[in-house]
2 protein chains.
Amino acid sequence: MKQSHLITKTVKSIPKEEVSLNSRLLIQAGFIDKLAAGIYTYLPLGLKALNNISNIVRDEMNKAGGQELLMPALTPKKNWEETGRWDGLDVLFKLKGAGDKEFALGATHEEVVTPLMKKFILSYKDLPKYVYQIQTKYRNEPRAKSGLLRGREFLMKDLYSFHTDSEDLDQYYEVMTKAYFKIFERCGLGDSTHLTYSSGGTFSKYSHEFQTVCKTGEDIVYLCKNCGLGVNKEIIDETPKCPGCEKSEYEEKNAIEVGNIFKLKAKYSDAFKMNFKDKEDKEHPVIMGCYGIGPSRVLGTIVEVHNDKNGMVWPEEVAPFKFHLVNLSKDSVQADKAYEALQKKGIEVLYDDRNEPAGVKLKDADLMGMPYRLVISDKTAEKIELKKRTEDETKLVALEDIDNV
Amino acid sequence: MKQSHLITKTVKSIPKEEVSLNSRLLIQAGFIDKLAAGIYTYLPLGLKALNNISNIVRDEMNKAGGQELLMPALTPKKNWEETGRWDGLDVLFKLKGAGDKEFALGATHEEVVTPLMKKFILSYKDLPKYVYQIQTKYRNEPRAKSGLLRGREFLMKDLYSFHTDSEDLDQYYEVMTKAYFKIFERCGLGDSTHLTYSSGGTFSKYSHEFQTVCKTGEDIVYLCKNCGLGVNKEIIDETPKCPGCEKSEYEEKNAIEVGNIFKLKAKYSDAFKMNFKDKEDKEHPVIMGCYGIGPSRVLGTIVEVHNDKNGMVWPEEVAPFKFHLVNLSKDSVQADKAYEALQKKGIEVLYDDRNEPAGVKLKDADLMGMPYRLVISDKTAEKIELKKRTEDETKLVALEDIDNV
């Protein structure tokens with residue numbers, strides 16, 4: 001795409017109440033725009049990155065047998081009353097529709113997916129089943145100052161699994177744990193993301209989170225120095241020994257919660273009377289698990305983790321474009337030719353064809369953070385200067401070698 | 001996909017208040033589920049069809065130079081007050097968030113896109129620009145009895161164009177008109193969809209709609225017998241001659257509105273003071289157009305138009321699967337082999353591997369309406385029986401010829 005055609009520009013003035021690093025950099029680079037606290041528009045470059053994350057998540061959920069559906073955000077009051085969460089979940093946005101009917105905007109979807117799956121799960125033959133959606137969720141956060149890390153409107157993948165018994169749930173929980181690590185690896189967060197134990201609430205001893213170590217993270221986690229497993233702050237006092245290896249040396253780290261997985265067991269099946277018949281025609285409650293990951297929060301986390309003083313540094317599989325071609329020559333003949341040749345090869349490239357000073361263009365390229373920068377200037381002659389965003393070193397390459405980097 | 005793995009089943013009992021043909025058939029076939037009036041879950045088969053429509057729309061918008069972004073559904077009251085639509089648009093869902101801040105759920109996005117684009121459009125050099133989103137919208141419809149045709153929560157593509165002057169808008173309006181006809185053609189609605197003139201409201205003589213002729217349609221349109229252009233009922237009295245060819249022979253038809261396009265001119269630019277500077281540095285308001293099409297409404301319309309007494313009949317580019325492979329043999333050896341061979345060729349096929357009577361399977365295949373049915377039975381020997389959903393005739397084909405149909 002030609003940068004002169006792009007609807008956005010890099011931005012100099014950031015709203016001063018915008019304090020989080022991720023939203024400041026994303027706004028500055030023209031990836032997102034702020035509409036209200038915790039509510040953002042995804043501009044073309046930001047939406048491309050967000051879609052890349054969603055597609056990684058979708059791919060891994062499909063590989064784990066998940067079937068995609070799409071539930072509504074407008075959810076009737078009566079569904080939330082069945083589980084006691086109409087009054088119990090304080091972040092619900094509530095509203096009235098025609099005929100004074102009351103709704104909540106979905107902050108999570110157990111109240112929808114359970115009565116839905118009850119219609120299709122009758123017998124043990126219908127189990128196990130795994131369904132997920134990638135859908136916009138709403139939370140009426142009292143504070144929303146963390147950019148994409150804690151939005152009032154945000155994108156969420158929530159998968160729900162349905163089993164005959166706890167053993168089957170336990171096995172699938174392991175499958176999902178592996179799928180989550182694969183997702184974080186593909187999103188460039190593999191090295192810094194740890195499985196942590198957190199409070200299981202009323203229905204389970206533990207639930208689990210995936211926490212990405214990051215100086216600016218709002219959460220405190222305790223990582224086992226021996227095996228890398230983590231324990232969240234709220235249960236560290238009651239968990240003196242690592243639940244993985246039983247050693248007891250932790251280090252305290254700031255981290256961002258990027259995913260969570262719960263064994264719901266029969267909590268929602270009981271509320272909605274979702275039972276299945278076994279081989280002897282006896283009824284049992286369906287055993288459930290749920291698995292959440294927010295693509296928009298992952299986007300913000302990537303920016304918090306991968307940046308330097310000059311701007312953002314996108315991992316390859318998430319970057320809106322792999323290459324940023326910057327023309328510094330007075331005429332555009334060579335750069336136009338290179339742009340067309342790369343496009344013909346099917347390489348996604350952002351082409352800075354703007355009539356701006358070299359300093360502005362190079363600064364913008366660093367800020368926007370595509371993985372590879374290609375510079376054509378009067379100095380590069382027939383060749384093109386290639387630089388990785390993560391390295392200082394440049395090298396001259398021939399146009400025809402560019403898909404080989 | 002194996003039908004035995006699918007989370008859904010065909011459904012026998014439809015909610016009795018569900019009166020529209022599209023929602024009855026889609027619920028019965030397990031494509032959607034009803035959560036509340038005008039609020040539906042898209043189940044895996046329905047979501048696949050919906051995504052196919054969205055991707056057709058996206059493709060045609062990209063070809064017309066559109067850049068995709070994603071605006072929020074939660075929109076602050078102050079934006080709607082600028083245009084007088086906080087009280088003026090009676091279908092707005094309104095709600096309060098933290099700190100008693102008021103929001104509307106976006107029913108349309110002029111109030112968001114105009115102040116957004118104001119940040120990036122400064123000079124004539126920044127024009128024209130075209131931005132669009134495919135996003136969930138909300139309308140607090142007093143009656144919501146038409147299934148996917150008039151939802152309270154629905155999917156919408158809205159494109160907004162920004163121009164220096166009316167001539168440029170007029171040209172792009174033609175480009176969009178052609179793109180819309182291309183979309184309807186690809187969705188199997190080409191023959192039955194007409195451009196119609198409707199009231200332009202306060203800021204333009206006419207706006208235009210795309211109306212699909214259909215017996216069950218709620219709208220009345222008058223189609224010119226000479227050129228096929230249409231006039232909507234609300235302006236037929238003041239439009240005795242066809243605005244296209246000036247003949248005056250109309251025929252009255254029921255129809256479904258599947259798209260609309262408006263010349264907004266300076267209405268919203270004035271409200272938000274979105275001006276650009278011309279070559280002489282003089283300021284002028286940006287001239288706008290907007291172009292809407294609802295993929296979920298198109299989905300419902302396809303069902304209303306393409307059905308018979310046995311069920312739905314999907315156009316090829318929208319169908320969740322092109323082929324429905326039905327095994328009626330006692331053993332599954334041949335059918336399993338065929339399924340694997342088709343998958344290897346990259347052909348998307350739904351494979352009815354269920355242990356159900358032949359009558360049930362064939363009835364379900366008709367109801368679900370994939371374009372081509374493949375039957376393997378004891379009678380077909382080495383061959384496979386191929387039948388188009390739209391035809392009665394069957395023929396025996398060899399497995400290796402199946403990609404040639």
# chains A, B, ... in the order shown; residues from 1 in each chain; ligands from 1
$ calpha_fit_and_write --fixed "chain B" --moving "chain A" --output "CSV table (one decimal) with C-alpha atoms, in the first residue's frame"
chain,number,residue,atom,x,y,z
A,1,MET,CA,-16.6,-31.3,8.0
A,2,LYS,CA,-18.2,-34.4,9.4
A,3,GLN,CA,-21.8,-33.7,10.3
A,4,SER,CA,-21.5,-36.0,13.3
A,5,HIS,CA,-19.0,-33.5,14.7
A,6,LEU,CA,-21.0,-30.4,14.0
A,7,ILE,CA,-22.3,-28.8,17.3
A,8,THR,CA,-25.7,-28.2,15.7
A,9,LYS,CA,-28.6,-30.5,14.6
A,10,THR,CA,-31.6,-29.7,12.5
A,11,VAL,CA,-34.3,-28.6,14.8
A,12,LYS,CA,-38.0,-29.6,14.9
A,13,SER,CA,-39.6,-27.1,17.2
A,14,ILE,CA,-39.3,-23.5,16.1
A,15,PRO,CA,-40.4,-20.7,18.6
A,16,LYS,CA,-44.0,-20.1,17.6
A,17,GLU,CA,-43.7,-16.3,17.7
A,18,GLU,CA,-41.0,-16.7,15.0
A,19,VAL,CA,-43.1,-15.9,11.9
A,20,SER,CA,-40.6,-14.9,9.2
A,21,LEU,CA,-39.6,-17.5,6.6
A,22,ASN,CA,-35.9,-16.7,6.8
A,23,SER,CA,-35.6,-17.1,10.6
A,24,ARG,CA,-37.8,-20.3,10.6
A,25,LEU,CA,-35.7,-22.0,7.9
A,26,LEU,CA,-32.4,-20.8,9.4
A,27,ILE,CA,-33.3,-22.0,12.9
A,28,GLN,CA,-34.7,-25.3,11.6
A,29,ALA,CA,-31.5,-26.0,9.7
A,30,GLY,CA,-29.3,-25.1,12.6
A,31,PHE,CA,-27.8,-22.0,11.0
A,32,ILE,CA,-28.9,-19.5,13.7
A,33,ASP,CA,-30.5,-19.6,17.1
A,34,LYS,CA,-32.8,-17.0,18.6
A,35,LEU,CA,-31.8,-15.4,21.9
A,36,ALA,CA,-34.5,-12.6,22.0
A,37,ALA,CA,-36.7,-10.8,19.5
A,38,GLY,CA,-34.4,-9.5,16.7
A,39,ILE,CA,-31.3,-10.9,18.4
A,40,TYR,CA,-29.7,-14.1,17.0
A,41,THR,CA,-26.7,-16.3,17.5
A,42,TYR,CA,-24.9,-17.3,14.3
A,43,LEU,CA,-24.1,-21.0,14.6
A,44,PRO,CA,-21.2,-22.5,12.6
A,45,LEU,CA,-23.0,-23.0,9.3
A,46,GLY,CA,-24.8,-19.6,9.5
A,47,LEU,CA,-21.5,-17.8,10.5
A,48,LYS,CA,-19.8,-19.4,7.5
A,49,ALA,CA,-22.5,-18.1,5.1
A,50,LEU,CA,-22.4,-14.7,6.8
A,51,ASN,CA,-18.6,-14.5,6.5
A,52,ASN,CA,-18.9,-15.4,2.9
A,53,ILE,CA,-21.2,-12.5,2.3
A,54,SER,CA,-19.0,-10.1,4.3
A,55,ASN,CA,-15.9,-11.2,2.3
A,56,ILE,CA,-17.7,-10.5,-1.0
A,57,VAL,CA,-18.6,-7.1,0.3
A,58,ARG,CA,-15.1,-6.5,1.6
A,59,ASP,CA,-13.6,-7.6,-1.7
A,60,GLU,CA,-15.8,-5.1,-3.7
A,61,MET,CA,-15.1,-2.3,-1.2
A,62,ASN,CA,-11.4,-2.8,-1.5
A,63,LYS,CA,-11.6,-2.8,-5.3
A,64,ALA,CA,-13.4,0.5,-5.1
A,65,GLY,CA,-10.5,2.0,-3.0
A,66,GLY,CA,-12.0,1.6,0.4
A,67,GLN,CA,-9.8,1.3,3.4
A,68,GLU,CA,-11.2,-0.9,6.3
A,69,LEU,CA,-11.2,0.3,9.8
A,70,LEU,CA,-13.3,-0.6,12.9
A,71,MET,CA,-15.2,2.0,14.9
A,72,PRO,CA,-16.7,1.3,18.4
A,73,ALA,CA,-20.3,0.5,19.1
A,74,LEU,CA,-20.2,2.5,22.3
A,75,THR,CA,-20.5,6.1,21.2
A,76,PRO,CA,-20.6,9.2,23.5
A,77,LYS,CA,-23.7,11.3,23.8
A,78,LYS,CA,-21.8,14.5,22.9
A,79,ASN,CA,-21.1,13.3,19.4
A,80,TRP,CA,-24.9,12.7,18.8
A,81,GLU,CA,-25.7,16.1,20.3
A,82,GLU,CA,-23.5,17.8,17.7
A,83,THR,CA,-25.9,16.7,15.0
A,84,GLY,CA,-29.1,16.8,16.9
A,85,ARG,CA,-29.6,13.0,16.6
A,86,TRP,CA,-29.4,12.1,20.3
A,87,ASP,CA,-33.1,13.0,20.5
A,88,GLY,CA,-33.7,12.8,16.8
A,89,LEU,CA,-33.0,9.2,16.1
A,90,ASP,CA,-35.7,7.2,17.9
A,91,VAL,CA,-34.1,3.8,17.4
A,92,LEU,CA,-31.0,4.6,19.5
A,93,PHE,CA,-30.2,2.2,22.4
A,94,LYS,CA,-29.0,4.5,25.2
A,95,LEU,CA,-27.1,3.6,28.3
A,96,LYS,CA,-25.0,5.0,31.2
A,97,GLY,CA,-21.4,4.0,32.0
A,98,ALA,CA,-19.0,4.8,34.9
A,99,GLY,CA,-19.2,8.4,36.1
A,100,ASP,CA,-22.8,8.7,34.8
A,101,LYS,CA,-21.4,9.2,31.2
A,102,GLU,CA,-24.1,8.6,28.6
A,103,PHE,CA,-23.6,6.5,25.5
A,104,ALA,CA,-25.6,5.3,22.5
A,105,LEU,CA,-25.0,2.0,20.8
A,106,GLY,CA,-24.1,3.0,17.2
A,107,ALA,CA,-27.0,2.6,14.8
A,108,THR,CA,-24.9,4.4,12.1
A,109,HIS,CA,-21.5,6.1,12.4
A,110,GLU,CA,-21.5,9.5,10.8
A,111,GLU,CA,-21.1,10.9,14.3
A,112,VAL,CA,-17.9,9.0,14.8
A,113,VAL,CA,-16.4,8.9,11.3
A,114,THR,CA,-16.7,12.7,10.7
A,115,PRO,CA,-14.7,13.9,13.8
A,116,LEU,CA,-12.3,11.0,13.2
A,117,MET,CA,-11.5,12.0,9.5
A,118,LYS,CA,-11.4,15.6,10.5
A,119,LYS,CA,-8.1,14.8,12.2
A,120,PHE,CA,-6.5,13.5,8.9
A,121,ILE,CA,-8.2,15.6,6.2
A,122,LEU,CA,-6.6,19.1,6.2
A,123,SER,CA,-6.0,19.9,2.6
A,124,TYR,CA,-7.3,19.1,-0.9
A,125,LYS,CA,-4.2,16.9,-1.2
A,126,ASP,CA,-5.8,14.6,1.4
A,127,LEU,CA,-8.9,14.0,-0.8
A,128,PRO,CA,-10.7,11.9,-1.9
A,129,LYS,CA,-10.7,9.3,0.8
A,130,TYR,CA,-12.9,6.2,1.3
A,131,VAL,CA,-13.2,4.3,4.6
A,132,TYR,CA,-15.5,1.5,5.6
A,133,GLN,CA,-16.2,-1.0,8.4
A,134,ILE,CA,-18.0,-4.2,8.7
A,135,GLN,CA,-19.4,-3.9,12.2
A,136,THR,CA,-22.2,-4.9,14.6
A,137,LYS,CA,-24.9,-2.2,14.8
A,138,TYR,CA,-27.9,-1.7,17.1
A,139,ARG,CA,-31.4,-0.4,16.6
A,140,ASN,CA,-34.0,-0.4,19.2
A,141,GLU,CA,-36.7,-1.6,16.8
A,142,PRO,CA,-40.2,-1.4,18.3
A,143,ARG,CA,-41.2,-4.5,16.2
A,144,ALA,CA,-38.6,-7.1,15.4
A,145,LYS,CA,-40.6,-9.8,13.7
A,146,SER,CA,-38.7,-10.2,10.4
A,147,GLY,CA,-35.9,-12.5,11.5
A,148,LEU,CA,-32.6,-11.3,10.0
A,149,LEU,CA,-34.3,-8.6,7.9
A,150,ARG,CA,-34.9,-6.2,10.8
A,151,GLY,CA,-32.7,-7.1,13.7
A,152,ARG,CA,-32.0,-5.2,16.9
A,153,GLU,CA,-28.4,-6.4,16.6
A,154,PHE,CA,-27.1,-6.8,13.1
A,155,LEU,CA,-24.0,-6.7,10.9
A,156,MET,CA,-23.5,-3.7,8.7
A,157,LYS,CA,-21.0,-2.5,6.1
A,158,ASP,CA,-20.9,1.3,6.1
A,159,LEU,CA,-18.6,3.1,3.8
A,160,TYR,CA,-18.1,6.9,4.0
A,161,SER,CA,-16.5,8.9,1.2
A,162,PHE,CA,-14.9,12.3,1.4
A,163,HIS,CA,-14.6,14.7,-1.5
A,164,THR,CA,-13.6,18.2,-2.5
A,165,ASP,CA,-16.8,18.8,-4.4
A,166,SER,CA,-20.1,17.4,-5.6
A,167,GLU,CA,-18.8,16.4,-9.0
A,168,ASP,CA,-16.2,14.1,-7.4
A,169,LEU,CA,-18.9,12.7,-5.0
A,170,ASP,CA,-21.2,12.1,-8.1
A,171,GLN,CA,-18.5,10.1,-9.8
A,172,TYR,CA,-17.8,8.0,-6.8
A,173,TYR,CA,-21.5,7.4,-6.3
A,174,GLU,CA,-21.5,5.7,-9.7
A,175,VAL,CA,-18.5,3.6,-8.7
A,176,MET,CA,-20.3,2.5,-5.6
A,177,THR,CA,-23.6,1.8,-7.5
A,178,LYS,CA,-21.7,-0.6,-9.7
A,179,ALA,CA,-19.9,-2.2,-6.8
A,180,TYR,CA,-23.3,-2.8,-5.1
A,181,PHE,CA,-24.7,-4.5,-8.2
A,182,LYS,CA,-21.6,-6.7,-8.3
A,183,ILE,CA,-22.1,-7.7,-4.7
A,184,PHE,CA,-25.8,-8.6,-5.2
A,185,GLU,CA,-24.8,-10.6,-8.3
A,186,ARG,CA,-22.2,-12.6,-6.4
A,187,CYS,CA,-24.8,-13.2,-3.6
A,188,GLY,CA,-27.3,-14.7,-6.0
A,189,LEU,CA,-29.6,-11.6,-5.9
A,190,GLY,CA,-28.5,-10.0,-9.2
A,191,ASP,CA,-31.6,-10.7,-11.2
A,192,SER,CA,-34.1,-9.6,-8.6
A,193,THR,CA,-32.3,-6.5,-7.3
A,194,HIS,CA,-33.2,-3.0,-8.6
A,195,LEU,CA,-31.8,0.5,-7.9
A,196,THR,CA,-34.7,2.6,-6.6
A,197,TYR,CA,-35.2,6.3,-5.9
A,198,SER,CA,-36.3,7.2,-2.4
A,199,SER,CA,-36.7,10.4,-0.4
A,200,GLY,CA,-33.4,12.2,0.1
A,201,GLY,CA,-34.6,13.7,3.5
A,202,THR,CA,-33.6,17.2,4.4
A,203,PHE,CA,-30.3,17.5,2.5
A,204,SER,CA,-30.8,16.0,-1.0
A,205,LYS,CA,-33.7,15.5,-3.4
A,206,TYR,CA,-33.2,11.7,-3.7
A,207,SER,CA,-31.3,9.0,-2.0
A,208,HIS,CA,-31.1,5.5,-3.5
A,209,GLU,CA,-31.9,2.1,-2.3
A,210,PHE,CA,-31.3,-1.4,-3.7
A,211,GLN,CA,-34.5,-3.3,-3.5
A,212,THR,CA,-34.7,-7.1,-4.0
A,213,VAL,CA,-38.1,-8.1,-5.4
A,214,CYS,CA,-39.6,-10.8,-3.2
A,215,LYS,CA,-43.2,-11.8,-2.4
A,216,THR,CA,-42.6,-11.6,1.3
A,217,GLY,CA,-40.9,-8.2,1.2
A,218,GLU,CA,-42.3,-5.5,3.5
A,219,ASP,CA,-41.6,-2.6,1.1
A,220,ILE,CA,-43.6,-1.6,-1.9
A,221,VAL,CA,-41.6,-0.4,-5.0
A,222,TYR,CA,-42.7,0.7,-8.4
A,223,LEU,CA,-40.5,-0.7,-11.2
A,224,CYS,CA,-40.3,1.0,-14.6
A,225,LYS,CA,-41.5,-1.6,-17.2
A,226,ASN,CA,-39.1,0.0,-19.7
A,227,CYS,CA,-35.7,0.3,-17.9
A,228,GLY,CA,-36.1,-1.6,-14.6
A,229,LEU,CA,-35.3,1.4,-12.4
A,230,GLY,CA,-37.6,1.7,-9.4
A,231,VAL,CA,-39.3,4.3,-7.3
A,232,ASN,CA,-40.2,3.8,-3.6
A,233,LYS,CA,-43.7,4.1,-2.5
A,234,GLU,CA,-43.2,7.3,-0.4
A,235,ILE,CA,-42.3,9.3,-3.5
A,236,ILE,CA,-44.3,7.6,-6.2
A,237,ASP,CA,-47.0,10.3,-6.2
A,238,GLU,CA,-44.5,13.1,-6.9
A,239,THR,CA,-42.6,10.9,-9.5
A,240,PRO,CA,-45.0,10.1,-12.3
A,241,LYS,CA,-42.2,9.6,-14.8
A,242,CYS,CA,-39.3,7.2,-14.3
A,243,PRO,CA,-36.3,9.2,-13.3
A,244,GLY,CA,-34.2,7.0,-15.6
A,245,CYS,CA,-36.0,6.9,-18.9
A,246,GLU,CA,-38.9,9.3,-18.4
A,247,LYS,CA,-41.5,6.6,-19.4
A,248,SER,CA,-44.4,6.3,-17.0
A,249,GLU,CA,-45.4,2.7,-16.8
A,250,TYR,CA,-44.7,1.1,-13.5
A,251,GLU,CA,-45.5,-2.2,-12.0
A,252,GLU,CA,-46.0,-2.6,-8.2
A,253,LYS,CA,-43.8,-5.2,-6.4
A,254,ASN,CA,-43.1,-6.3,-2.9
A,255,ALA,CA,-39.4,-5.9,-2.1
A,256,ILE,CA,-36.7,-6.0,0.6
A,257,GLU,CA,-34.3,-3.1,1.0
A,258,VAL,CA,-30.8,-4.7,0.8
A,259,GLY,CA,-28.7,-1.5,0.5
A,260,ASN,CA,-28.9,2.2,0.5
A,261,ILE,CA,-26.6,5.0,-0.6
A,262,PHE,CA,-26.8,8.7,0.3
A,263,LYS,CA,-25.2,11.9,-0.8
A,264,LEU,CA,-24.7,13.5,2.6
A,265,LYS,CA,-23.0,16.6,1.0
A,266,ALA,CA,-21.9,19.0,3.8
A,267,LYS,CA,-24.5,18.0,6.4
A,268,TYR,CA,-22.1,16.3,8.8
A,269,SER,CA,-19.0,18.3,7.8
A,270,ASP,CA,-20.9,21.4,8.8
A,271,ALA,CA,-21.9,19.9,12.1
A,272,PHE,CA,-18.4,18.9,13.0
A,273,LYS,CA,-16.7,21.8,11.1
A,274,MET,CA,-14.7,19.5,8.9
A,275,ASN,CA,-13.1,21.8,6.3
A,276,PHE,CA,-10.2,21.4,3.9
A,277,LYS,CA,-8.0,24.0,2.4
A,278,ASP,CA,-7.9,24.4,-1.4
A,279,LYS,CA,-4.9,25.4,-3.5
A,280,GLU,CA,-5.4,29.0,-2.6
A,281,ASP,CA,-5.6,28.1,1.1
A,282,LYS,CA,-9.3,28.9,1.3
A,283,GLU,CA,-11.4,26.7,3.5
A,284,HIS,CA,-14.4,24.6,2.2
A,285,PRO,CA,-16.5,22.0,3.9
A,286,VAL,CA,-15.6,18.4,2.9
A,287,ILE,CA,-18.4,16.8,0.8
A,288,MET,CA,-19.5,13.4,2.0
A,289,GLY,CA,-21.3,10.3,0.8
A,290,CYS,CA,-22.4,7.2,2.7
A,291,TYR,CA,-23.1,3.7,1.5
A,292,GLY,CA,-24.7,0.9,3.6
A,293,ILE,CA,-25.3,-2.8,3.1
A,294,GLY,CA,-26.1,-5.3,5.9
A,295,PRO,CA,-24.5,-8.7,5.4
A,296,SER,CA,-26.9,-10.2,7.9
A,297,ARG,CA,-29.9,-8.7,6.1
A,298,VAL,CA,-28.5,-10.0,2.8
A,299,LEU,CA,-28.3,-13.5,4.4
A,300,GLY,CA,-32.0,-13.3,5.4
A,301,THR,CA,-32.9,-12.0,2.0
A,302,ILE,CA,-31.2,-14.8,0.2
A,303,VAL,CA,-33.2,-17.3,2.2
A,304,GLU,CA,-36.5,-15.4,1.4
A,305,VAL,CA,-35.7,-15.4,-2.3
A,306,HIS,CA,-34.0,-18.8,-2.7
A,307,ASN,CA,-36.1,-21.6,-1.1
A,308,ASP,CA,-38.6,-24.3,-2.1
A,309,LYS,CA,-41.0,-26.5,-0.1
A,310,ASN,CA,-38.1,-28.6,1.0
A,311,GLY,CA,-35.8,-25.9,2.4
A,312,MET,CA,-33.1,-23.4,1.5
A,313,VAL,CA,-31.2,-23.2,-1.7
A,314,TRP,CA,-27.8,-21.5,-1.3
A,315,PRO,CA,-26.0,-19.6,-4.1
A,316,GLU,CA,-22.6,-21.1,-4.6
A,317,GLU,CA,-20.5,-18.2,-3.4
A,318,VAL,CA,-22.5,-17.8,-0.2
A,319,ALA,CA,-23.1,-21.5,0.7
A,320,PRO,CA,-21.3,-22.7,3.8
A,321,PHE,CA,-20.2,-25.8,1.8
A,322,LYS,CA,-20.4,-26.3,-1.9
A,323,PHE,CA,-21.0,-30.1,-1.6
A,324,HIS,CA,-23.1,-32.1,0.8
A,325,LEU,CA,-21.9,-35.7,0.8
A,326,VAL,CA,-24.5,-38.1,2.1
A,327,ASN,CA,-23.7,-41.7,2.9
A,328,LEU,CA,-26.6,-44.1,2.6
A,329,SER,CA,-24.5,-47.3,2.4
A,330,LYS,CA,-24.4,-49.5,5.5
A,331,ASP,CA,-20.7,-49.3,5.7
A,332,SER,CA,-18.7,-46.0,5.4
A,333,VAL,CA,-15.6,-47.2,3.5
A,334,GLN,CA,-16.5,-45.7,0.1
A,335,ALA,CA,-17.9,-42.5,1.6
A,336,ASP,CA,-14.9,-42.0,3.9
A,337,LYS,CA,-12.6,-42.4,0.9
A,338,ALA,CA,-14.6,-39.9,-1.1
A,339,TYR,CA,-14.6,-37.4,1.7
A,340,GLU,CA,-10.8,-37.6,2.1
A,341,ALA,CA,-10.2,-37.4,-1.6
A,342,LEU,CA,-12.4,-34.2,-1.9
A,343,GLN,CA,-10.8,-32.6,1.1
A,344,LYS,CA,-7.4,-33.3,-0.4
A,345,LYS,CA,-8.5,-31.5,-3.6
A,346,GLY,CA,-9.3,-28.5,-1.4
A,347,ILE,CA,-13.1,-28.9,-2.0
A,348,GLU,CA,-15.2,-27.8,1.0
A,349,VAL,CA,-17.6,-30.6,1.8
A,350,LEU,CA,-20.1,-31.3,4.5
A,351,TYR,CA,-20.1,-35.1,5.1
A,352,ASP,CA,-23.3,-36.6,6.5
A,353,ASP,CA,-21.7,-39.6,8.3
A,354,ARG,CA,-24.5,-39.8,10.9
A,355,ASN,CA,-26.2,-43.1,11.8
A,356,GLU,CA,-29.6,-41.9,10.7
A,357,PRO,CA,-32.2,-43.3,8.3
A,358,ALA,CA,-31.9,-42.4,4.6
A,359,GLY,CA,-35.1,-40.4,4.7
A,360,VAL,CA,-33.8,-38.2,7.5
A,361,LYS,CA,-30.5,-37.6,5.8
A,362,LEU,CA,-32.0,-36.6,2.4
A,363,LYS,CA,-34.6,-34.4,4.1
A,364,ASP,CA,-31.9,-32.6,6.1
A,365,ALA,CA,-29.7,-32.2,3.0
A,366,ASP,CA,-32.6,-30.5,1.2
A,367,LEU,CA,-33.4,-28.3,4.2
A,368,MET,CA,-29.8,-27.2,4.6
A,369,GLY,CA,-29.6,-26.4,0.9
A,370,MET,CA,-25.9,-26.8,-0.2
A,371,PRO,CA,-25.6,-26.3,-4.0
A,372,TYR,CA,-24.6,-29.9,-4.8
A,373,ARG,CA,-25.6,-33.2,-3.2
A,374,LEU,CA,-23.4,-36.3,-3.5
A,375,VAL,CA,-25.1,-39.6,-2.5
A,376,ILE,CA,-23.2,-42.8,-2.0
A,377,SER,CA,-25.5,-45.9,-1.6
A,378,ASP,CA,-25.5,-49.6,-2.3
A,379,LYS,CA,-27.1,-48.7,-5.7
A,380,THR,CA,-24.4,-46.3,-6.9
A,381,ALA,CA,-21.7,-49.0,-6.9
A,382,GLU,CA,-18.3,-47.4,-7.7
A,383,LYS,CA,-19.9,-44.1,-8.7
A,384,ILE,CA,-21.5,-41.2,-6.8
A,385,GLU,CA,-24.9,-39.7,-7.5
A,386,LEU,CA,-24.7,-36.0,-8.1
A,387,LYS,CA,-27.7,-33.7,-7.8
A,388,LYS,CA,-27.9,-29.9,-8.0
A,389,ARG,CA,-30.1,-28.5,-5.3
A,390,THR,CA,-32.0,-26.5,-7.9
A,391,GLU,CA,-32.7,-29.5,-10.2
A,392,ASP,CA,-34.5,-32.8,-9.9
A,393,GLU,CA,-32.3,-34.7,-12.2
A,394,THR,CA,-29.5,-36.8,-10.8
A,395,LYS,CA,-26.5,-38.3,-12.6
A,396,LEU,CA,-23.8,-40.8,-11.7
A,397,VAL,CA,-20.3,-39.4,-11.7
A,398,ALA,CA,-16.8,-40.8,-10.9
A,399,LEU,CA,-15.1,-39.4,-7.8
A,400,GLU,CA,-12.2,-38.0,-9.9
A,401,ASP,CA,-14.6,-35.9,-12.0
A,402,ILE,CA,-16.2,-34.1,-9.1
A,403,ASP,CA,-14.2,-30.9,-9.2
A,404,ASN,CA,-15.5,-30.4,-12.7
A,405,VAL,CA,-19.2,-29.8,-12.0
$ select_by_dssp --residues "stretch 56-140 of chain A" --states "strand (DSSP E or B)" --output "PyMOL selection string"
chain A and resi 67-68+70+74-76+93-96+102-105+123+129-138
$ select_by_dssp --residues "stretch 171-223 of chain B" --states "helix (DSSP H, G or I)" --output "list in words"
Gln171, Tyr172, Tyr173, Glu174, Val175, Met176, Thr177, Lys178, Ala179, Tyr180, Phe181, Lys182, Ile183, Phe184, Glu185 and Arg186 of chain B
